[in-house]
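Single-structure report; data block below.
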Amino acid sequence: MATVTKEPPAQGRALPVNAREAMEKLNAEAAPLHIWMRTQANAPAQRPWFRETGLDAAGKVAGGRVGTAQMKPVPHRWRWSEIGPYLDQISQIAKNADVSPIEFADRQQFLLTNPGLGGRLQVTSTIRCAVSIYNPGDVAPVHIHTPNASRTILSEKGGYTNVEGERCEAARGDLILTPNGTWHDHGNDGAAPVVWLDILDFPLLEFLDINWLDDEFHGEREANARAQAVVHQAGYSKKLYGSGGMLPGFVSHQRGIGHDTTPVFHYRGADIRAALDGLRREQGDPYEGITLSFVNPATGASLFPTLQYSAQLLRPGEETRLKRETASNFYVVLEGRGFTEIAGQRFDWQENDIIVVPNFLWRRHVNTGQTDAVIYDVSDLPLMQKIGQYRAQGREANGEVTNLVE
Ligand SMILES: [Fe+2]
């Protein structure tokens, strides 16, 4: 039997004076055996939910003796003015390249990395985001995978995603879904480069070790052999499900081999904007303004079992009240300018800026502009609900904390 300590202390012998130091030494010595000694009460990384209501309660990794790889997402903003130019550079390299980067790197994109996560390719514990550019002629070959994914279109027009044979032609503000278990391919058959955000629940699936991808498509292909044939023309999703409250009875609402995912693959930015605008005279929610959540029309559930997608309108001068929740939120600014205060820190934003609000942190949004602000939100709220962990709190104007969802 392996002995760890060379000279175990004799029974009854007093502990060394510096017990902390001795325990750390013991821990280091025992590490090769893949055990971890509890050397000091490990302070939790998370503040207590009901007791700690300070505005600056940004979760920090505890200073105590915790697992060495423990990491924690932090609030962050990516300014489009800073990151956007890198897409142009990728595009330029691709234009003059011997071989296009999309051929050897699969995609022309950069991924956003949360500064608190040590370089991991994720913005929260559950969400990954890539910013992609497709030059004219680029094709991402047809494939299928377990992560649920979406595209938020930033360029004015151009590019497409074909999902299960439905061609979704992209324009700014569109949301194009590729739920888990759907065959999809992307490309740009227009004349100008196109840019979009890919948002996925990839890190969660990675953590669970259930990430797989397949590109052996056996269905009918388009002429270029890397894309699936178009079976349904643009607008098919809308034709089937676009009349709110009416559900077609002659189709299966399961598209692809995934479960509990939306049969709607395409929301048009113009429709989203018009729907928000139609509600602008309503009072809205004091913590969120005017919001619309995208739902699976067949079940009323979130688009994906893991992620909820919403669009949010903040009218000129509108300020929301402070709210915090156990879900994380990932925002993209489609229109307007303002700021989001997160754990006491102010993050100014304007068009195309991207902001992450990790769970548990107080946040509020302010539209400081003369025009509307429109923000898209992706949140892991449905996952938190499913595991029995969704809670939300608000802060009244007088500073009093109330439980919105207990
Ligand atoms: Fe994909």
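Scheme for the structure tokens: letters A, B, ... for chains in order shown; per-chain residue numbers from 1; ligand numbers from 1 in order shown.
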Residue list (helix (DSSP H, G or I), DSSP) for range 30-209 of chain A, as a VMD selection string: chain A and resid 30 to 33 80 to 95 101 to 105 115 to 117 202 to 207
Who sits within 7 Å of range 357-368 of chain A, only C-alpha atoms, same chain under 4 positions skipped, as a VMD selection string: chain A and resid 55 57 to 58 73 to 75 124 314 to 330 337 to 343 373
Protein and nucleic acid residues within 12 Å of ligand 1 (only C-alpha atoms and all ligand atoms) as a PyMOL selection string: chain A and resi 106-107+130+140-151+161-163+176-187+198-202+211-215
Residues flagged strand (DSSP E) by DSSP in range 95-305 of chain A, as JSON, numbers by chain: {"A": [109, 110, 111, 128, 129, 130, 131, 132, 133, 134, 139, 140, 141, 142, 143, 144, 145, 149, 150, 151, 152, 153, 157, 158, 159, 160, 161, 162, 163, 166, 167, 168, 169, 170, 171, 175, 176, 177, 178, 184, 185, 186, 187, 194, 195, 196, 197, 198, 199, 200, 213, 214, 266, 267, 290, 291, 292, 293]}
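Nearest to Pro286 in chain A of all the residues A:Ala274, A:Leu404, A:Val99, A:Ala192 is A:Leu404, counting only C-alpha atoms.
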Could you list, as a tab-separated table (two decimals) with all heavy atoms, in the first residue's frame, every residue within 10 Å of Gly159 in chain A, counting only C-alpha atoms and ignoring same-chain residues fewer than 4 positions away?
```
chain	number	residue	atom	x	y	z
A	133	ILE	N	-16.87	35.90	-40.87
A	133	ILE	CA	-17.00	36.63	-42.13
A	133	ILE	C	-16.94	35.63	-43.28
A	133	ILE	O	-16.11	34.71	-43.27
A	133	ILE	CB	-15.92	37.73	-42.27
A	133	ILE	CG1	-16.18	38.56	-43.54
A	133	ILE	CG2	-14.51	37.18	-42.24
A	133	ILE	CD1	-15.48	39.91	-43.54
A	134	TYR	N	-17.85	35.78	-44.22
A	134	TYR	CA	-17.86	34.93	-45.41
A	134	TYR	C	-17.65	35.82	-46.63
A	134	TYR	O	-18.44	36.73	-46.88
A	134	TYR	CB	-19.20	34.18	-45.52
A	134	TYR	CG	-19.31	33.03	-44.55
A	134	TYR	CD1	-19.55	33.26	-43.20
A	134	TYR	CD2	-19.16	31.71	-44.98
A	134	TYR	CE1	-19.64	32.21	-42.30
A	134	TYR	CE2	-19.25	30.64	-44.08
A	134	TYR	CZ	-19.49	30.90	-42.75
A	134	TYR	OH	-19.57	29.86	-41.87
A	135	ASN	N	-16.60	35.55	-47.37
A	135	ASN	CA	-16.35	36.28	-48.61
A	135	ASN	C	-17.24	35.70	-49.71
A	135	ASN	O	-17.70	34.56	-49.60
A	135	ASN	CB	-14.87	36.12	-49.01
A	135	ASN	CG	-13.97	37.08	-48.26
A	135	ASN	OD1	-14.43	38.11	-47.76
A	135	ASN	ND2	-12.70	36.74	-48.18
A	136	PRO	N	-17.46	36.47	-50.77
A	136	PRO	CA	-18.22	35.93	-51.89
A	136	PRO	C	-17.63	34.59	-52.34
A	136	PRO	O	-16.42	34.46	-52.50
A	136	PRO	CB	-18.06	37.00	-52.97
A	136	PRO	CG	-17.87	38.27	-52.20
A	136	PRO	CD	-17.08	37.89	-50.97
A	137	GLY	N	-18.48	33.60	-52.48
A	137	GLY	CA	-18.02	32.29	-52.92
A	137	GLY	C	-17.71	31.32	-51.80
A	137	GLY	O	-17.59	30.11	-52.03
A	138	ASP	N	-17.58	31.80	-50.57
A	138	ASP	CA	-17.26	30.91	-49.46
A	138	ASP	C	-18.43	29.97	-49.16
A	138	ASP	O	-19.58	30.39	-49.17
A	138	ASP	CB	-16.95	31.70	-48.19
A	138	ASP	CG	-15.55	32.32	-48.23
A	138	ASP	OD1	-14.76	31.92	-49.09
A	138	ASP	OD2	-15.27	33.20	-47.39
A	139	VAL	N	-18.09	28.73	-48.83
A	139	VAL	CA	-19.09	27.75	-48.44
A	139	VAL	C	-18.60	27.02	-47.19
A	139	VAL	O	-17.45	26.59	-47.13
A	139	VAL	CB	-19.33	26.70	-49.56
A	139	VAL	CG1	-20.24	25.58	-49.05
A	139	VAL	CG2	-19.92	27.35	-50.79
A	153	ILE	N	-27.38	38.07	-37.63
A	153	ILE	CA	-26.77	38.68	-38.82
A	153	ILE	C	-26.47	40.15	-38.58
A	153	ILE	O	-27.36	40.91	-38.19
A	153	ILE	CB	-27.70	38.52	-40.05
A	153	ILE	CG1	-28.23	37.08	-40.16
A	153	ILE	CG2	-26.96	38.97	-41.31
A	153	ILE	CD1	-27.19	36.00	-40.31
A	155	SER	N	-24.37	42.03	-41.02
A	155	SER	CA	-24.24	42.78	-42.27
A	155	SER	C	-25.64	43.06	-42.84
A	155	SER	O	-26.61	42.40	-42.49
A	155	SER	CB	-23.37	42.04	-43.28
A	155	SER	OG	-23.64	40.67	-43.25
A	168	CYS	N	-32.39	29.93	-45.83
A	168	CYS	CA	-32.65	31.16	-45.07
A	168	CYS	C	-31.68	32.22	-45.57
A	168	CYS	O	-30.47	32.12	-45.35
A	168	CYS	CB	-32.43	30.91	-43.58
A	168	CYS	SG	-33.38	29.53	-42.91
A	169	GLU	N	-32.22	33.19	-46.28
A	169	GLU	CA	-31.37	34.26	-46.81
A	169	GLU	C	-31.24	35.35	-45.76
A	169	GLU	O	-32.22	35.81	-45.22
A	169	GLU	CB	-31.96	34.79	-48.10
A	169	GLU	CG	-31.73	33.80	-49.23
A	169	GLU	CD	-32.36	34.24	-50.52
A	169	GLU	OE1	-32.11	35.38	-50.94
A	169	GLU	OE2	-33.11	33.44	-51.08
A	170	ALA	N	-30.00	35.76	-45.53
A	170	ALA	CA	-29.72	36.57	-44.35
A	170	ALA	C	-29.78	38.06	-44.62
A	170	ALA	O	-29.37	38.53	-45.68
A	170	ALA	CB	-28.33	36.21	-43.81
A	171	ALA	N	-30.29	38.79	-43.65
A	171	ALA	CA	-30.25	40.25	-43.65
A	171	ALA	C	-30.05	40.72	-42.21
A	171	ALA	O	-30.27	39.94	-41.27
A	171	ALA	CB	-31.55	40.83	-44.22
A	186	HIS	N	-23.66	26.77	-44.73
A	186	HIS	CA	-23.71	28.23	-44.87
A	186	HIS	C	-22.91	28.63	-46.09
A	186	HIS	O	-22.06	27.88	-46.57
A	186	HIS	CB	-23.04	28.95	-43.69
A	186	HIS	CG	-23.31	28.35	-42.35
A	186	HIS	ND1	-24.47	28.55	-41.68
A	186	HIS	CD2	-22.54	27.57	-41.56
A	186	HIS	CE1	-24.41	27.92	-40.52
A	186	HIS	NE2	-23.26	27.31	-40.42
A	187	GLY	N	-23.13	29.85	-46.52
A	187	GLY	CA	-22.30	30.35	-47.61
A	187	GLY	C	-22.67	31.76	-47.97
A	187	GLY	O	-23.59	32.35	-47.39
A	188	ASN	N	-21.90	32.27	-48.90
A	188	ASN	CA	-22.15	33.61	-49.41
A	188	ASN	C	-22.10	33.56	-50.92
A	188	ASN	O	-21.01	33.42	-51.50
A	188	ASN	CB	-21.09	34.57	-48.85
A	188	ASN	CG	-21.28	35.98	-49.37
A	188	ASN	OD1	-22.25	36.29	-50.07
A	188	ASN	ND2	-20.35	36.86	-49.01
A	189	ASP	N	-23.26	33.64	-51.57
A	189	ASP	CA	-23.25	33.65	-53.03
A	189	ASP	C	-23.55	35.06	-53.55
A	189	ASP	O	-23.95	35.24	-54.69
A	189	ASP	CB	-24.23	32.61	-53.61
A	189	ASP	CG	-25.60	32.66	-52.94
A	189	ASP	OD1	-25.87	33.63	-52.21
A	189	ASP	OD2	-26.40	31.73	-53.15
A	190	GLY	N	-23.34	36.04	-52.68
A	190	GLY	CA	-23.51	37.44	-53.09
A	190	GLY	C	-22.20	38.05	-53.55
A	190	GLY	O	-21.22	37.34	-53.79
A	191	ALA	N	-22.19	39.38	-53.64
A	191	ALA	CA	-21.02	40.07	-54.19
A	191	ALA	C	-20.15	40.72	-53.12
A	191	ALA	O	-19.02	41.13	-53.38
A	191	ALA	CB	-21.50	41.14	-55.18
A	192	ALA	N	-20.65	40.82	-51.88
A	192	ALA	CA	-19.89	41.48	-50.82
A	192	ALA	C	-19.75	40.54	-49.63
A	192	ALA	O	-20.58	39.64	-49.44
A	192	ALA	CB	-20.62	42.76	-50.40
A	193	PRO	N	-18.71	40.75	-48.81
A	193	PRO	CA	-18.55	39.90	-47.62
A	193	PRO	C	-19.74	40.05	-46.67
A	193	PRO	O	-20.37	41.11	-46.64
A	193	PRO	CB	-17.28	40.45	-46.97
A	193	PRO	CG	-16.57	41.22	-48.02
A	193	PRO	CD	-17.63	41.75	-48.94
A	194	VAL	N	-20.04	39.00	-45.93
A	194	VAL	CA	-21.12	39.08	-44.94
A	194	VAL	C	-20.58	38.67	-43.56
A	194	VAL	O	-19.65	37.87	-43.46
A	194	VAL	CB	-22.32	38.19	-45.32
A	194	VAL	CG1	-23.02	38.72	-46.55
A	194	VAL	CG2	-21.92	36.74	-45.50
A	195	VAL	N	-21.19	39.27	-42.54
A	195	VAL	CA	-20.70	39.09	-41.18
A	195	VAL	C	-21.86	38.67	-40.28
A	195	VAL	O	-22.95	39.23	-40.38
A	195	VAL	CB	-20.11	40.43	-40.65
A	195	VAL	CG1	-19.79	40.32	-39.16
A	195	VAL	CG2	-18.86	40.80	-41.43
A	196	TRP	N	-21.61	37.66	-39.46
A	196	TRP	CA	-22.62	37.30	-38.46
A	196	TRP	C	-21.97	36.74	-37.21
A	196	TRP	O	-20.78	36.40	-37.19
A	196	TRP	CB	-23.65	36.35	-39.04
A	196	TRP	CG	-23.17	35.01	-39.55
A	196	TRP	CD1	-22.54	34.03	-38.85
A	196	TRP	CD2	-23.34	34.51	-40.90
A	196	TRP	NE1	-22.32	32.95	-39.67
A	196	TRP	CE2	-22.80	33.22	-40.92
A	196	TRP	CE3	-23.91	35.02	-42.06
A	196	TRP	CZ2	-22.79	32.43	-42.07
A	196	TRP	CZ3	-23.91	34.25	-43.20
A	196	TRP	CH2	-23.35	32.97	-43.21
```
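In terms of minimum interatomic distance to Ala227 in chain A, A:Gly165 ranks closest within A:Pro203, A:Gly258, A:Pro263, A:Gly165, counting only C-alpha atoms.
Coordinates place CA of Ser125 in chain A at a distance of 27.6 Å from CA of Arg255 in chain A.
Between Tyr390 in chain A and the residues A:Leu121, A:Val405, A:Leu26, A:Ile354, the shortest atom-to-atom distance, using only C-alpha atoms, involves A:Val405.
Distance check against Gln370 in chain A using only C-alpha atoms: of A:Glu335, A:Ala397, A:Ala275, A:Arg167, the minimum falls on A:Glu335.
The smallest atom-to-atom distance between Val123 in chain A and any of A:Tyr287, A:Trp36, A:Trp78, A:Phe50, using only C-alpha atoms, is found for A:Trp78.
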Residue nearest Tyr331 in chain A among A:Ala229, A:Leu205, A:Val401, A:Leu197 (counting only C-alpha atoms):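 Closest to Tyr331 in chain A, using only C-alpha atoms: A:Leu197.
Note that CA of Asn352 in chain A and CA of Arg79 in chain A are 7.7 Å apart.
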